[in-house]
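*Asks:* Sharing a structure here in structure tokens format.
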Amino acid sequence: MEEIKYNHSIPLQIRFNDVDKFGHVNNAVYLNFYDTAKTNYIGTVCPDVNWEKDAIIVVYIEVIFKAQIYGTDNIDVQTAVTAIGTKSFDLSQQIIDTKTNEIKCICRSTMVTYDLTERKTIPLKNEWIKAICDFEGKDLRKKK
């Protein structure tokens with residue numbers, strides 16, 4: 001399996017209410033971290049995103065918890081698109097400790113592009129495909 005290079009990274013602040021009674025970040029909060037990072041990725045990499053019309057919907061998600069995150073940790077979420085289909089794309093994300101570079105959690109997901117006004121899935125915009133491939137430094141389109 002090819003090692004994933006993460007060109008997108010965003011630091012996230014751990015809030016007081018993210019931490020549970022055991023002193024670590026509650027596992028349900030991780031999905032919020034991943035959502036924040038993928039929204040930032042799309043908004044940063046893809047041109048002309050209209051968040052009132054354009055949506056990306058999770059259709060598959062897998063989360064692997066590797067180590068606990070504590071309220072005093074400093075974390076980044078790294079995101080990479082690993083494959084692009086007609087209406088969907090695959091994401092790989094990981095949360096790392098910025099001081100030690102320890103991988104705390106890994107997430108794999110498949111996202112579908114969705115038109116909020118028409119209420120239906122739509123093909124990825126060609127400009128987005130080009131921008132993502134340019135950003136990732138390779139052609140990620142799935143071969144038919």
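Residues are referred to by chain and number: the chain letter is A, B, ... according to the order shown in the structure tokens, the number counts from 1 in that chain, and ligands are numbered separately from 1 in the order shown.
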Could you pull out the helix (DSSP H, G or I) residues of chain A, going by DSSP on the backbone, and write them as a VMD selection string?

*Replies:* chain A and resid 16 to 18 27 to 45 126 to 136

*Asks:* Using DSSP secondary structure from the backbone, list all strand (DSSP E) positions within stretch 42-93 of chain A, as a list in words.

*Replies:* Asp54, Ala55, Ile56, Ile57, Val58, Val59, Tyr60, Ile61, Glu62, Val63, Ile64, Phe65, Ile75, Asp76, Val77, Gln78, Thr79, Ala80, Val81, Thr82, Ala83, Ile84, Ser88, Phe89, Asp90, Leu91, Ser92 and Gln93 of chain A

*Asks:* Distance atom CA of A:Pro11-atom CA of A:Thr82, one decimal place?

*Replies:* 21.1 Å

*Asks:* If I take atom CA of A:Lys143 and atom CA of A:Thr110, how far is one from the other in Å, to one decimal?

*Replies:*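 Computing the Euclidean distance for atom CA of A:Lys143 and atom CA of A:Thr110 yields 16.7 Å.
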
*Asks:* Hey, which of A:Thr79, A:Thr86, A:Gln68, A:Asn32 ends up closest to A:Lys142? Count only C-alpha atoms.

*Replies:* A:Thr86

*Asks:* Quick one: distance from atom CA of A:Trp128 to atom CA of A:Cys46 in Å, one decimal?

*Replies:*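 If I compute the distance from atom CA of A:Trp128 to atom CA of A:Cys46, I get 5.0 Å.
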
*Asks:* So which residues touch A:Phe65 within 9 Å, counting only C-alpha atoms, skipping near sequence neighbours fewer than 6 positions away, as a list in words?

*Replies:* Asn27, Lys104, Cys105, Ile106 and Cys107 of chain A

*Asks:* Please provide as a ChimeraX atom specification all residues within 7 Å of stretch 87-99 of chain A, with the sequence filter that same-chain residues fewer than 6 positions apart are discarded (counting only C-alpha atoms).

*Replies:* /A:73-81,105-113,122-124

*Asks:* Could you give me, as a PDB file with C-alpha atoms, in the first residue's frame, the residues within 10 Å of A:Lys130, counting only C-alpha atoms and dropping anything in the same chain fewer than 3 positions from it?

*Replies:*
```pdb
ATOM      1  CA  VAL A  45      -8.403  23.683  -2.463  1.00  0.00           C
ATOM      2  CA  CYS A  46     -11.577  23.779  -4.592  1.00  0.00           C
ATOM      3  CA  PRO A  47     -12.478  26.967  -6.471  1.00  0.00           C
ATOM      4  CA  LYS A 125     -17.077  19.731 -10.883  1.00  0.00           C
ATOM      5  CA  ASN A 126     -14.191  19.448 -13.336  1.00  0.00           C
ATOM      6  CA  GLU A 127     -12.561  22.507 -11.732  1.00  0.00           C
ATOM      7  CA  CYS A 133      -5.234  16.595  -8.482  1.00  0.00           C
ATOM      8  CA  ASP A 134      -2.957  19.659  -8.740  1.00  0.00           C
ATOM      9  CA  PHE A 135      -2.929  20.100  -4.952  1.00  0.00           C
ATOM     10  CA  GLU A 136      -2.206  16.409  -4.323  1.00  0.00           C
ATOM     11  CA  LYS A 138      -1.067  13.380  -9.024  1.00  0.00           C
ATOM     12  CA  ASP A 139      -4.003  12.175 -11.102  1.00  0.00           C
ATOM     13  CA  LEU A 140      -6.438  10.654  -8.599  1.00  0.00           C
ATOM     14  CA  ARG A 141      -9.260   9.861 -11.025  1.00  0.00           C
TER      15      ARG A 141
END
```

*Asks:* Which residue gives the smallest distance to A:Thr39 among A:Ser9, A:Val63, A:Glu118, A:Thr100, with only C-alpha atoms counted?

*Replies:*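 Among A:Ser9, A:Val63, A:Glu118, A:Thr100, it is A:Ser9 that comes nearest to A:Thr39.
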
*Asks:* Which residue is closest to A:Thr44? Choose from A:Ile84, A:Ile10, A:Ile4, A:Ile69 and count only C-alpha atoms.

*Replies:*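 Of A:Ile84, A:Ile10, A:Ile4, A:Ile69, the one nearest A:Thr44 is A:Ile10, counting only C-alpha atoms.
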